[in-house]
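**Q** Take this structure first; my questions come after.
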Amino acid sequence: MPTHKKGHDKDKYYHLAKDQGYRSRAAFKLIQINKRFDFLSKAKVCIDLCAAPGGWCQVAAKNMPSGSLILGIDLLPIKSIRNVKTIVADITTAECRRQIVSELQGWKADVVLCDGAPNIGSAYSKDAYIQNELVIAALKTATDHLVPGGTFCTKVYRSVDYNSVLWVLQQLFEDVQTMKPNSSRSQSSEIFLVCLKYTAPSYIDPKLLDPNHVFKEVADPGLKKVNVLHKKYDQSNKRQRSGYDESLWMTLRATTTVSEFFKSKEPIRMLTDFHQITFSDDELCQSIRSHARTTEEITTCLDDLRLLGKLDFKKILRWRIQVRKAMNLDAIAAKKSIESESDEVTEKKTEKQDPAFLSEEDIQLEIAQLKYQQSQLDRKEKKKSRQLTAKERQRQYLGMTGNSF
């Protein structure tokens, strides 16, 4: 299990865990995940991998039906929990698998959980790689014991191997959702993958569950990054599955500025084409940086886009929309666009004839065109506003607001 400095955990969830009798603040992560997907209330058998000290087992015992079988497994002993069986074993070993089969007595698991993490070291990239190896090991255990249609929930770190992990999970589950609970610290790179509806294939290629193959990278003469599981994307004229342009998988970092990102008409393309978005010294960048919505989490995400997941990209795009709206950048851009188009129309008219001889019909036509353009911009802005309002209502309904725990 990961180690933390003394006092680091003492936030509101630490105190809530103490008050409600949970062994760790991590219990609230599962509470919030289950509140959204509700997979525990229907489960009869649950396996919690890397379970110590037992917070997730406590949540499972509280939310699963009476008489359910809950099995917690960890390298460290887990203090006794009512209605929970525990095993001290390494989940990567055959002995652990034998003990699980013995405890299940022919039953299959409806839910497999994994909140494990390596001991935090000095190199984030190494920690992330070990964490992803742990995810694959947990997935291997899940495929051995999950019922068809079962659920697998695991923690992952945002890293260059994230897309490989996601791709593997998508081969075995019909629906793979990402979530970062409110109880997960904003500065933490952890996110949770909730894999729904296990397909239970009759045969699984061993390479699919072998980290040496899943995360293997080979370099061709062009030095591009190639994942052996994604060979169908290995074409010189196509983009890689990870979303980055092949020409950017080089030793150099492709960087752009926040002002260019805000001005771009293709912000999504910029998030995939660049490794980093920086705050330059220009006035617009500094204004955006000092804005209240530009949080430390946003600046951290912009610092290395290769480590982000789908939810992080959505968060950045939502931040861009909110700040643009607050700073009235859309209206300014629309005004400049209208003025520019108006100047172009005037220049074309001047080339053809003297403005003094413009007919009333031509003038009215120009005015009508400008009004139409402005109305189109207003409609788009209203549509965006309605979509954001709907999303916010959905977040409140799912209990994902800042006040929920």
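By convention in this document, the chains of the structure tokens carry letters A, B, ... by their order, each chain's residues are numbered from 1, and ligands are numbered from 1 in the order they are shown.
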Excluding same-chain residues fewer than 6 positions from stretch 101-116 of chain A, what lies within 6 Å of it counting only C-alpha atoms, as a list of chain:residue names?

**A**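 Those residues are A:Ala43, A:Val45, A:Cys46, A:Ile47, A:Asp48, A:Leu49, A:Cys50, A:His145, A:Leu146, A:Val147, A:Gly150, A:Thr151, A:Phe152, A:Cys153, A:Thr154, A:Lys155.
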
**Q** Identify, on the basis of only C-alpha atoms, every residue whose closest approach to A:Ala94 does not exceed 12 Å; exclude the query and any residue fewer than 4 positions from it along the same chain; express the result as a PyMOL selection string.

**A** chain A and resi 89-90+98-101+137+140-141+144

**Q** Of the residues A:Arg324, A:Arg269, A:Arg25, A:Lys85, which is the one nearest to A:Ser287, using only C-alpha atoms?

**A**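 The closest residue to A:Ser287 is A:Arg324.
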
**Q** Rounded to one decimal in Å, what is the spacing between atom CA of A:Asn182 and atom CA of A:Ile33?

**A**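 Result for atom CA of A:Asn182 versus atom CA of A:Ile33: 9.7 Å, one decimal.
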
**Q** Write out as a CSV table (one decimal) with N, CA and C atoms, in the first residue's frame which residues come within 7 Å of stretch 156-158 of chain A when counting only C-alpha atoms, dropping same-chain ones fewer than 4 positions away.

**A**
```csv
chain,number,residue,atom,x,y,z
A,128,ALA,N,3.9,4.9,-11.8
A,128,ALA,CA,2.7,4.7,-12.6
A,128,ALA,C,2.8,3.4,-13.4
A,131,GLN,N,2.0,0.6,-11.0
A,131,GLN,CA,0.5,0.6,-10.7
A,131,GLN,C,-0.2,0.0,-11.9
A,132,ASN,N,0.2,0.3,-13.1
A,132,ASN,CA,-0.5,-0.3,-14.3
A,132,ASN,C,-0.3,-1.8,-14.3
A,162,TYR,N,-1.7,4.6,-19.9
A,162,TYR,CA,-3.1,4.6,-19.6
A,162,TYR,C,-3.9,4.1,-20.8
A,189,SER,N,-2.9,12.1,-9.2
A,189,SER,CA,-3.0,11.7,-10.6
A,189,SER,C,-3.9,10.4,-10.8
A,190,GLU,N,-4.5,9.9,-9.6
A,190,GLU,CA,-5.3,8.7,-9.7
A,190,GLU,C,-6.7,9.0,-10.3
A,191,ILE,N,-7.1,8.1,-11.1
A,191,ILE,CA,-8.5,8.0,-11.5
A,191,ILE,C,-9.0,6.6,-11.4
A,192,PHE,N,-10.3,6.4,-11.5
A,192,PHE,CA,-10.9,5.1,-11.3
A,192,PHE,C,-11.6,4.7,-12.6
A,307,LEU,N,-0.4,12.7,-19.9
A,307,LEU,CA,-0.7,11.9,-18.7
A,307,LEU,C,-2.2,11.9,-18.4
A,308,LEU,N,-3.0,12.6,-19.3
A,308,LEU,CA,-4.4,12.8,-18.9
A,308,LEU,C,-5.3,11.8,-19.5
A,309,GLY,N,-6.5,11.6,-18.8
A,309,GLY,CA,-7.5,10.7,-19.3
A,309,GLY,C,-8.7,11.5,-19.9
```

**Q** Out of stretch 161-199 of chain A, which residues get alpha helix (DSSP H) from DSSP, as a ChimeraX atom specification?

**A** /A:162-172

**Q** Take the residues from that selection and write them out as a compact mmCIF listing (two decimals), in the first residue's frame, keeping C-alpha atoms.

**A**
```txt
# COMPACT_ATOMS: atom_id res chain seq x y z
CA TYR A 162 -3.10 4.64 -19.60
CA ASN A 163 -4.45 4.15 -23.12
CA SER A 164 -2.99 0.64 -23.27
CA VAL A 165 -4.75 -0.30 -20.02
CA LEU A 166 -8.00 1.24 -21.27
CA TRP A 167 -7.76 -0.64 -24.58
CA VAL A 168 -7.27 -4.00 -22.82
CA LEU A 169 -10.29 -3.39 -20.56
CA GLN A 170 -12.45 -2.46 -23.54
CA GLN A 171 -11.74 -5.86 -25.08
CA LEU A 172 -13.30 -7.61 -22.06
```
